[in-house]
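Raw final_33.txt, compact mmCIF, C-alpha atoms and all ligand atoms:
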# COMPACT_ATOMS: atom_id res chain seq x y z
CA MET A 1 17.59 7.29 -23.97
CA GLN A 2 18.40 3.97 -25.59
CA PHE A 3 20.52 1.33 -23.86
CA HIS A 4 21.80 -1.54 -25.97
CA ILE A 5 23.65 -4.42 -24.35
CA VAL A 6 25.78 -7.04 -26.10
CA THR A 7 25.78 -10.09 -23.82
CA LEU A 8 25.85 -13.88 -23.71
CA PHE A 9 23.09 -13.78 -21.10
CA PRO A 10 20.23 -11.55 -22.26
CA GLU A 11 17.87 -13.23 -19.78
CA MET A 12 19.84 -11.71 -16.88
CA PHE A 13 18.40 -8.33 -17.83
CA ASP A 14 14.72 -9.20 -17.43
CA SER A 15 13.94 -8.94 -13.72
CA PRO A 16 16.22 -6.05 -12.61
CA PHE A 17 14.30 -3.69 -14.86
CA ALA A 18 10.85 -5.14 -14.14
CA ALA A 19 10.21 -3.22 -10.92
CA GLY A 20 10.31 0.24 -9.42
CA ILE A 21 11.79 3.31 -11.06
CA MET A 22 13.32 1.39 -13.97
CA ALA A 23 10.02 -0.27 -14.88
CA ARG A 24 8.25 3.10 -14.73
CA ALA A 25 10.88 4.75 -16.91
CA ILE A 26 10.55 1.98 -19.50
CA ARG A 27 6.75 2.12 -19.42
CA GLY A 28 6.85 5.89 -19.85
CA GLU A 29 9.24 5.47 -22.80
CA LEU A 30 11.89 7.60 -21.16
CA VAL A 31 14.32 4.72 -21.68
CA LYS A 32 14.44 1.71 -23.94
CA ILE A 33 16.59 -1.31 -23.11
CA GLN A 34 17.49 -3.79 -25.81
CA THR A 35 19.75 -6.84 -25.43
CA HIS A 36 21.71 -8.40 -28.29
CA ASN A 37 22.78 -12.02 -27.91
CA LEU A 38 26.48 -12.36 -28.61
CA ARG A 39 26.03 -16.09 -29.26
CA GLU A 40 24.25 -15.25 -32.52
CA HIS A 41 27.58 -13.97 -33.79
CA GLY A 42 29.57 -16.99 -32.62
CA LEU A 43 31.86 -18.76 -35.05
CA GLY A 44 31.21 -22.10 -36.72
CA ASN A 45 28.69 -24.80 -35.94
CA TYR A 46 29.28 -24.44 -32.23
CA ARG A 47 28.88 -20.67 -32.33
CA GLN A 48 32.18 -20.35 -30.57
CA ILE A 49 32.90 -17.01 -28.91
CA ASP A 50 36.07 -17.77 -26.96
CA ASP A 51 39.37 -19.55 -27.38
CA GLU A 52 42.60 -20.45 -25.63
CA PRO A 53 45.04 -17.61 -24.95
CA TYR A 54 48.04 -17.25 -27.23
CA GLY A 55 51.15 -17.78 -25.16
CA GLY A 56 49.37 -20.25 -22.91
CA GLY A 57 47.81 -19.85 -19.52
CA SER A 58 44.59 -20.94 -17.87
CA GLY A 59 41.12 -19.94 -18.91
CA MET A 60 39.56 -18.81 -22.13
CA VAL A 61 39.64 -15.44 -23.85
CA MET A 62 36.77 -13.91 -25.82
CA ARG A 63 37.55 -13.64 -29.52
CA PRO A 64 37.22 -10.23 -31.16
CA GLU A 65 35.22 -11.18 -34.28
CA PRO A 66 31.87 -12.06 -32.62
CA ILE A 67 31.99 -8.88 -30.55
CA ALA A 68 32.89 -6.80 -33.62
CA ALA A 69 30.05 -8.37 -35.60
CA ALA A 70 27.56 -7.67 -32.82
CA VAL A 71 28.75 -4.08 -32.43
CA ASP A 72 28.57 -3.48 -36.20
CA GLN A 73 25.07 -4.87 -36.39
CA VAL A 74 23.77 -2.76 -33.52
CA LEU A 75 25.46 0.38 -34.83
CA SER A 76 24.12 -0.06 -38.34
CA ALA A 77 20.58 0.08 -36.95
CA HIS A 78 21.40 2.67 -34.25
CA PRO A 79 24.21 4.97 -35.36
CA GLY A 80 25.95 7.20 -32.87
CA LEU A 81 25.71 5.01 -29.77
CA TRP A 82 28.53 5.60 -27.25
CA ARG A 83 30.36 2.26 -26.95
CA ILE A 84 31.39 1.09 -23.48
CA LEU A 85 33.28 -2.09 -22.58
CA LEU A 86 32.74 -3.32 -19.02
CA THR A 87 35.96 -4.61 -17.53
CA PRO A 88 37.70 -4.56 -14.14
CA GLN A 89 40.54 -2.72 -15.89
CA GLY A 90 38.36 0.21 -16.92
CA GLU A 91 38.09 3.71 -15.52
CA LEU A 92 36.28 3.61 -12.17
CA PHE A 93 32.59 4.47 -12.66
CA ASN A 94 31.22 7.25 -10.44
CA GLN A 95 28.42 9.81 -10.25
CA SER A 96 30.11 12.34 -12.51
CA ILE A 97 30.64 9.72 -15.23
CA ALA A 98 26.95 8.79 -14.81
CA ALA A 99 26.05 12.44 -15.41
CA GLU A 100 28.25 12.58 -18.52
CA LEU A 101 26.67 9.42 -19.90
CA ALA A 102 23.16 10.78 -19.24
CA ARG A 103 23.98 13.55 -21.72
CA ARG A 104 24.85 11.09 -24.55
CA GLU A 105 21.65 11.61 -26.46
CA HIS A 106 22.13 8.87 -29.05
CA GLY A 107 22.28 6.33 -26.24
CA LEU A 108 24.75 3.76 -24.96
CA LEU A 109 26.01 0.44 -26.22
CA LEU A 110 27.31 -1.63 -23.31
CA ILE A 111 29.46 -4.68 -24.00
CA ALA A 112 29.53 -7.27 -21.25
CA GLY A 113 32.65 -9.41 -21.36
CA ARG A 114 32.73 -12.86 -19.79
CA TYR A 115 35.26 -15.46 -18.81
CA GLU A 116 38.81 -14.56 -17.96
CA GLY A 117 39.01 -11.72 -20.38
CA VAL A 118 38.58 -10.37 -23.87
CA ASP A 119 41.09 -10.18 -26.68
CA GLU A 120 43.06 -6.94 -26.38
CA ARG A 121 41.88 -5.85 -29.85
CA VAL A 122 38.30 -5.51 -28.60
CA ARG A 123 39.44 -2.27 -26.95
CA GLN A 124 39.77 -0.63 -30.35
CA LEU A 125 36.03 -1.20 -30.95
CA VAL A 126 34.90 0.97 -28.03
CA ASP A 127 34.92 4.59 -26.88
CA GLN A 128 35.38 3.93 -23.17
CA GLU A 129 36.18 1.14 -20.72
CA LEU A 130 34.46 1.20 -17.33
CA SER A 131 34.82 -0.75 -14.10
CA ILE A 132 32.22 -0.51 -11.32
CA GLY A 133 34.68 -1.28 -8.55
CA ASP A 134 37.87 -2.96 -7.52
CA TYR A 135 36.57 -6.49 -7.42
CA VAL A 136 36.11 -9.16 -10.05
CA LEU A 137 32.72 -10.37 -11.23
CA SER A 138 32.14 -13.22 -13.67
CA GLY A 139 31.05 -10.83 -16.35
CA GLY A 140 30.01 -7.33 -17.31
CA GLU A 141 26.27 -7.98 -17.05
CA LEU A 142 25.78 -6.74 -13.47
CA PRO A 143 28.09 -3.74 -14.11
CA ALA A 144 26.01 -2.87 -17.20
CA MET A 145 22.85 -2.93 -15.07
CA VAL A 146 24.46 -0.73 -12.44
CA ILE A 147 25.41 1.83 -15.06
CA ILE A 148 21.98 1.75 -16.73
CA GLU A 149 20.23 2.35 -13.42
CA ALA A 150 22.60 5.14 -12.32
CA VAL A 151 22.22 6.91 -15.68
CA THR A 152 18.45 6.44 -15.93
CA ARG A 153 17.83 8.15 -12.58
CA LEU A 154 19.52 11.27 -13.96
CA LEU A 155 17.34 11.55 -17.05
CA PRO A 156 14.75 14.34 -17.02
CA GLY A 157 11.34 13.10 -15.91
CA VAL A 158 12.50 9.80 -14.39
CA LEU A 159 12.45 10.81 -10.72
CA GLY A 160 9.28 12.52 -9.58
CA ASN A 161 11.11 14.70 -7.10
CA GLN A 162 13.95 16.69 -8.65
CA ALA A 163 14.86 18.21 -5.26
CA SER A 164 15.64 14.80 -3.79
CA LEU A 165 17.96 14.11 -6.70
CA GLU A 166 19.81 17.30 -5.95
CA GLU A 167 20.25 16.65 -2.24
CA GLU A 168 21.34 13.08 -2.65
CA SER A 169 24.67 11.60 -1.70
CA PHE A 170 27.39 12.44 -4.17
CA ARG A 171 25.56 15.31 -5.84
CA GLY A 172 27.85 17.73 -4.04
CA GLY A 173 30.61 15.15 -4.05
CA ILE A 174 30.01 14.30 -0.39
CA LEU A 175 27.83 11.84 1.55
CA GLU A 176 24.25 12.56 2.54
CA TYR A 177 23.30 13.89 6.01
CA PRO A 178 21.55 11.50 8.43
CA GLN A 179 17.82 11.17 7.86
CA TYR A 180 15.09 10.48 10.44
CA THR A 181 11.39 9.73 10.32
CA ARG A 182 8.84 8.53 12.89
CA PRO A 183 9.00 7.35 15.65
CA GLU A 184 10.55 10.17 17.65
CA VAL A 185 12.25 7.63 19.94
CA PHE A 186 13.30 4.21 18.65
CA ARG A 187 14.82 1.68 21.08
CA GLY A 188 16.11 4.47 23.25
CA SER A 189 17.53 6.59 20.49
CA ALA A 190 15.86 9.92 19.87
CA VAL A 191 15.62 12.06 16.75
CA PRO A 192 18.06 15.03 17.10
CA SER A 193 16.07 17.90 18.60
CA VAL A 194 17.18 20.38 15.93
CA LEU A 195 15.05 18.49 13.40
CA LEU A 196 11.96 19.07 15.54
CA SER A 197 12.75 22.76 16.06
CA GLY A 198 11.01 24.09 12.96
CA ASP A 199 13.98 26.45 12.43
CA HIS A 200 14.76 25.81 8.75
CA GLU A 201 18.02 27.73 8.69
CA LYS A 202 19.30 25.88 11.75
CA ILE A 203 18.26 22.56 10.21
CA ARG A 204 20.01 23.40 6.95
CA ARG A 205 23.26 24.22 8.77
CA TRP A 206 23.05 21.11 10.96
CA ARG A 207 22.58 18.89 7.90
CA GLN A 208 25.50 20.47 6.12
CA GLU A 209 27.76 19.97 9.16
CA GLN A 210 26.63 16.38 9.55
CA ALA A 211 27.24 15.64 5.88
CA ILE A 212 30.78 16.96 6.10
CA LYS A 213 31.46 15.19 9.43
CA ARG A 214 30.18 11.90 8.04
CA THR A 215 32.22 12.25 4.88
CA ARG A 216 35.36 13.10 6.89
CA GLU A 217 34.86 9.99 9.04
CA ARG A 218 33.87 7.53 6.33
CA ARG A 219 35.16 8.80 2.99
CA PRO A 220 37.98 11.32 3.45
CA ASP A 221 38.97 10.60 -0.15
CA LEU A 222 35.75 12.35 -1.29
CA LEU A 223 36.46 15.46 0.77
CA ALA A 224 39.91 15.73 -0.71
CA LYS A 225 38.29 15.88 -4.16
CA SER A 226 35.45 18.27 -3.34
CA SER A 227 36.18 21.86 -2.32
CA ARG A 228 34.56 21.68 1.12
CA GLY A 229 37.30 19.90 3.00
N1 LIG B 1 33.68 -7.41 -15.27
C1 LIG B 1 34.11 -8.18 -14.25
N2 LIG B 1 34.29 -7.46 -13.15
C2 LIG B 1 33.95 -6.17 -13.46
C3 LIG B 1 33.93 -4.95 -12.75
N3 LIG B 1 34.28 -4.85 -11.47
N4 LIG B 1 33.53 -3.84 -13.41
C4 LIG B 1 33.19 -3.90 -14.71
N5 LIG B 1 33.19 -5.03 -15.43
C5 LIG B 1 33.56 -6.15 -14.82

Please express the file's structure as structure tokens.
Amino acid sequence: MQFHIVTLFPEMFDSPFAAGIMARAIRGELVKIQTHNLREHGLGNYRQIDDEPYGGGSGMVMRPEPIAAAVDQVLSAHPGLWRILLTPQGELFNQSIAAELARREHGLLLIAGRYEGVDERVRQLVDQELSIGDYVLSGGELPAMVIIEAVTRLLPGVLGNQASLEEESFRGGILEYPQYTRPEVFRGSAVPSVLLSGDHEKIRRWRQEQAIKRTRERRPDLLAKSSRG
């Protein structure tokens, strides 16, 4: 899967993908990540990419032409990319959107906005607008990284252990059951005895109950959406 990112800060993308599962996926050519510097499409001698808002107000707004030029250039070399604008006003990103994006075989083009906002007409250049949460960041770079990582983990061959992917939090739309490893007693708190029982059916049922209990306590909104409430 190809990920293209249009950004003013390509260097931000170096270290997050230099370690762990992402680095392995890149080395194994399961994913390819390419940044495109928006500044190269800036206007005039100063390579301007933003301007004052019409109607007044504080802050600067990103102009549409540099973004359009960058998008056109990337698409001419890589047709068919699914275009996503990162913005706090987008649809809220979640695991099922990650799964949908993982099936976009041509790859993704992620556009990271900066400053106080982007010109409204940039929206007509994209297929989808996504937010990673109800908080404001200085730009779409970190959100783009979050989406790339969440999507990459779902691609065939990226995770060694397919079973762990399936059991993970959110796969069934609910939180994961509590996990324990050695030691059997840690600072006075013991591993639940059922996990030491060797009774696989009992363990399976206990985990399912715990997952539902935990979801009810912490994220009742998820239970309302899944069918297990
Ligand atoms: N840009 C700034 N904040 C953002 C957010 N929460 N999600 C996506 N893009 C953003």

> How many Å separate CA of Ala77 in chain A from CA of Val31 in chain A?
Replying inline: 17.1 Å

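With the cut-off set to 7 Å and all atoms listed in the file counted, the residues surrounding ligand LIG 1 (chain B) are Leu86, Thr87, Pro88, Gly90, Gly113, Leu130, Ser131, Ile132, Gly133, Asp134, Tyr135, Val136, Leu137, Ser138, Gly139, Gly140 and Pro143 of chain A.
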
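Minimum distance to Leu8 in chain A across A:Met145, A:Ala224, A:Ala112, A:Leu155 (counting only C-alpha atoms) occurs at A:Ala112.
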
Using the file's own x, y and z axes, what box holds all listed atoms of range 172-182 of chain A with 8 Å on each side, keeping edges along x, y and z, and what are its centre and edge lengths in Å to one decimal, as lines of an AutoDock Vina configuration file?
center_x = 19.7
center_y = 13.1
center_z = 4.4
size_x = 37.8
size_y = 25.2
size_z = 32.9

>> Just to confirm, what's the straight-line distance from CA of Asp72 in chain A to CA of Glu120 in chain A in Å (one decimal)?
In response: 17.8 Å

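Between CA of Glu52 in chain A and CA of Val146 in chain A lies a distance of 29.9 Å.
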
>> Just want the 8 Å neighbourhood of range 216-222 of chain A, counted on only C-alpha atoms, with same-chain residues fewer than 4 positions away dropped. Output as number ranges by chain.
In response: A: 173-174, 212, 226

> Smallest atom-to-atom distance to His41 in chain A: which of A:Glu209, A:Glu116, A:Glu91, A:Glu65, using all atoms listed in the file?
Replying inline: A:Glu65

> Got a sec: who's within 12 Å of Pro79 in chain A, counting only C-alpha atoms, leaving out chain neighbours fewer than 6 positions off, as an MDAnalysis selection string?
Replying inline: chainID A and resid 2 4 71:73 105:109

>> Which residues are near Arg63 in chain A? Cut-off 6 Å, all atoms listed in the file, ignore same chain within fewer than 5 positions. Put them as number ranges by chain.
In response: A: 49-50, 119

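Using all atoms listed in the file, the nearest neighbour of Glu40 in chain A within the list A:Gln89, A:Thr7, A:Gln210, A:Ser58 is A:Thr7.
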
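Nearest to Arg104 in chain A of all the residues A:Met1, A:Gly160, A:Gln128, A:His36 is A:Met1, based on only C-alpha atoms.
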
Coords for range 81-147 of chain A, C-alpha atoms, as a PDB file, in the first residue's frame:
ATOM      1  CA  LEU A  81      -5.162   7.492  -4.680  1.00  0.00           C
ATOM      2  CA  TRP A  82      -7.973   8.061  -2.143  1.00  0.00           C
ATOM      3  CA  ARG A  83      -7.672  11.706  -1.065  1.00  0.00           C
ATOM      4  CA  ILE A  84      -8.074  12.530   2.629  1.00  0.00           C
ATOM      5  CA  LEU A  85      -7.941  15.958   4.270  1.00  0.00           C
ATOM      6  CA  LEU A  86      -7.007  15.937   7.960  1.00  0.00           C
ATOM      7  CA  THR A  87      -9.059  18.454   9.884  1.00  0.00           C
ATOM      8  CA  PRO A  88     -10.724  18.689  13.308  1.00  0.00           C
ATOM      9  CA  GLN A  89     -14.003  19.118  11.413  1.00  0.00           C
ATOM     10  CA  GLY A  90     -13.756  15.751   9.679  1.00  0.00           C
ATOM     11  CA  GLU A  91     -15.540  12.491  10.339  1.00  0.00           C
ATOM     12  CA  LEU A  92     -14.166  10.889  13.515  1.00  0.00           C
ATOM     13  CA  PHE A  93     -11.548   8.266  12.617  1.00  0.00           C
ATOM     14  CA  ASN A  94     -12.062   4.804  14.140  1.00  0.00           C
ATOM     15  CA  GLN A  95     -11.163   1.153  13.637  1.00  0.00           C
ATOM     16  CA  SER A  96     -13.834   0.493  11.036  1.00  0.00           C
ATOM     17  CA  ILE A  97     -12.675   3.461   8.928  1.00  0.00           C
ATOM     18  CA  ALA A  98      -9.119   2.091   9.280  1.00  0.00           C
ATOM     19  CA  ALA A  99     -10.356  -1.240   7.909  1.00  0.00           C
ATOM     20  CA  GLU A 100     -12.087   0.484   4.985  1.00  0.00           C
ATOM     21  CA  LEU A 101      -8.947   2.455   4.160  1.00  0.00           C
ATOM     22  CA  ALA A 102      -6.817  -0.711   4.303  1.00  0.00           C
ATOM     23  CA  ARG A 103      -8.889  -2.001   1.383  1.00  0.00           C
ATOM     24  CA  ARG A 104      -8.098   1.045  -0.841  1.00  0.00           C
ATOM     25  CA  GLU A 105      -5.618  -0.760  -3.029  1.00  0.00           C
ATOM     26  CA  HIS A 106      -4.355   2.253  -4.981  1.00  0.00           C
ATOM     27  CA  GLY A 107      -3.237   3.820  -1.719  1.00  0.00           C
ATOM     28  CA  LEU A 108      -3.946   7.005   0.209  1.00  0.00           C
ATOM     29  CA  LEU A 109      -3.089  10.647  -0.283  1.00  0.00           C
ATOM     30  CA  LEU A 110      -3.189  12.445   3.069  1.00  0.00           C
ATOM     31  CA  ILE A 111      -3.256  16.234   3.137  1.00  0.00           C
ATOM     32  CA  ALA A 112      -2.035  17.818   6.351  1.00  0.00           C
ATOM     33  CA  GLY A 113      -3.447  21.289   6.877  1.00  0.00           C
ATOM     34  CA  ARG A 114      -1.695  23.807   9.101  1.00  0.00           C
ATOM     35  CA  TYR A 115      -2.416  27.108  10.747  1.00  0.00           C
ATOM     36  CA  GLU A 116      -5.918  28.169  11.635  1.00  0.00           C
ATOM     37  CA  GLY A 117      -7.510  26.466   8.716  1.00  0.00           C
ATOM     38  CA  VAL A 118      -7.702  25.843   5.006  1.00  0.00           C
ATOM     39  CA  ASP A 119      -9.746  27.644   2.387  1.00  0.00           C
ATOM     40  CA  GLU A 120     -13.188  26.044   2.162  1.00  0.00           C
ATOM     41  CA  ARG A 121     -12.618  25.214  -1.522  1.00  0.00           C
ATOM     42  CA  VAL A 122      -9.894  22.715  -0.610  1.00  0.00           C
ATOM     43  CA  ARG A 123     -12.717  20.385   0.439  1.00  0.00           C
ATOM     44  CA  GLN A 124     -13.710  19.926  -3.194  1.00  0.00           C
ATOM     45  CA  LEU A 125     -10.260  18.444  -3.910  1.00  0.00           C
ATOM     46  CA  VAL A 126     -10.674  15.477  -1.560  1.00  0.00           C
ATOM     47  CA  ASP A 127     -12.753  12.321  -1.162  1.00  0.00           C
ATOM     48  CA  GLN A 128     -12.977  12.363   2.632  1.00  0.00           C
ATOM     49  CA  GLU A 129     -12.244  14.569   5.640  1.00  0.00           C
ATOM     50  CA  LEU A 130     -11.031  12.882   8.821  1.00  0.00           C
ATOM     51  CA  SER A 131     -10.435  14.003  12.396  1.00  0.00           C
ATOM     52  CA  ILE A 132      -8.559  11.819  14.888  1.00  0.00           C
ATOM     53  CA  GLY A 133     -10.335  13.237  17.920  1.00  0.00           C
ATOM     54  CA  ASP A 134     -12.123  16.152  19.473  1.00  0.00           C
ATOM     55  CA  TYR A 135      -9.095  18.272  20.186  1.00  0.00           C
ATOM     56  CA  VAL A 136      -7.091  20.705  18.108  1.00  0.00           C
ATOM     57  CA  LEU A 137      -3.531  20.062  16.970  1.00  0.00           C
ATOM     58  CA  SER A 138      -1.338  22.542  15.115  1.00  0.00           C
ATOM     59  CA  GLY A 139      -1.606  20.543  11.942  1.00  0.00           C
ATOM     60  CA  GLY A 140      -2.623  17.335  10.245  1.00  0.00           C
ATOM     61  CA  GLU A 141       0.831  15.744  10.383  1.00  0.00           C
ATOM     62  CA  LEU A 142       0.357  13.745  13.594  1.00  0.00           C
ATOM     63  CA  PRO A 143      -3.183  12.726  12.530  1.00  0.00           C
ATOM     64  CA  ALA A 144      -1.759  11.497   9.195  1.00  0.00           C
ATOM     65  CA  MET A 145       0.783   9.377  11.080  1.00  0.00           C
ATOM     66  CA  VAL A 146      -1.922   7.941  13.326  1.00  0.00           C
ATOM     67  CA  ILE A 147      -3.978   6.925  10.316  1.00  0.00           C
TER      68      ILE A 147
END
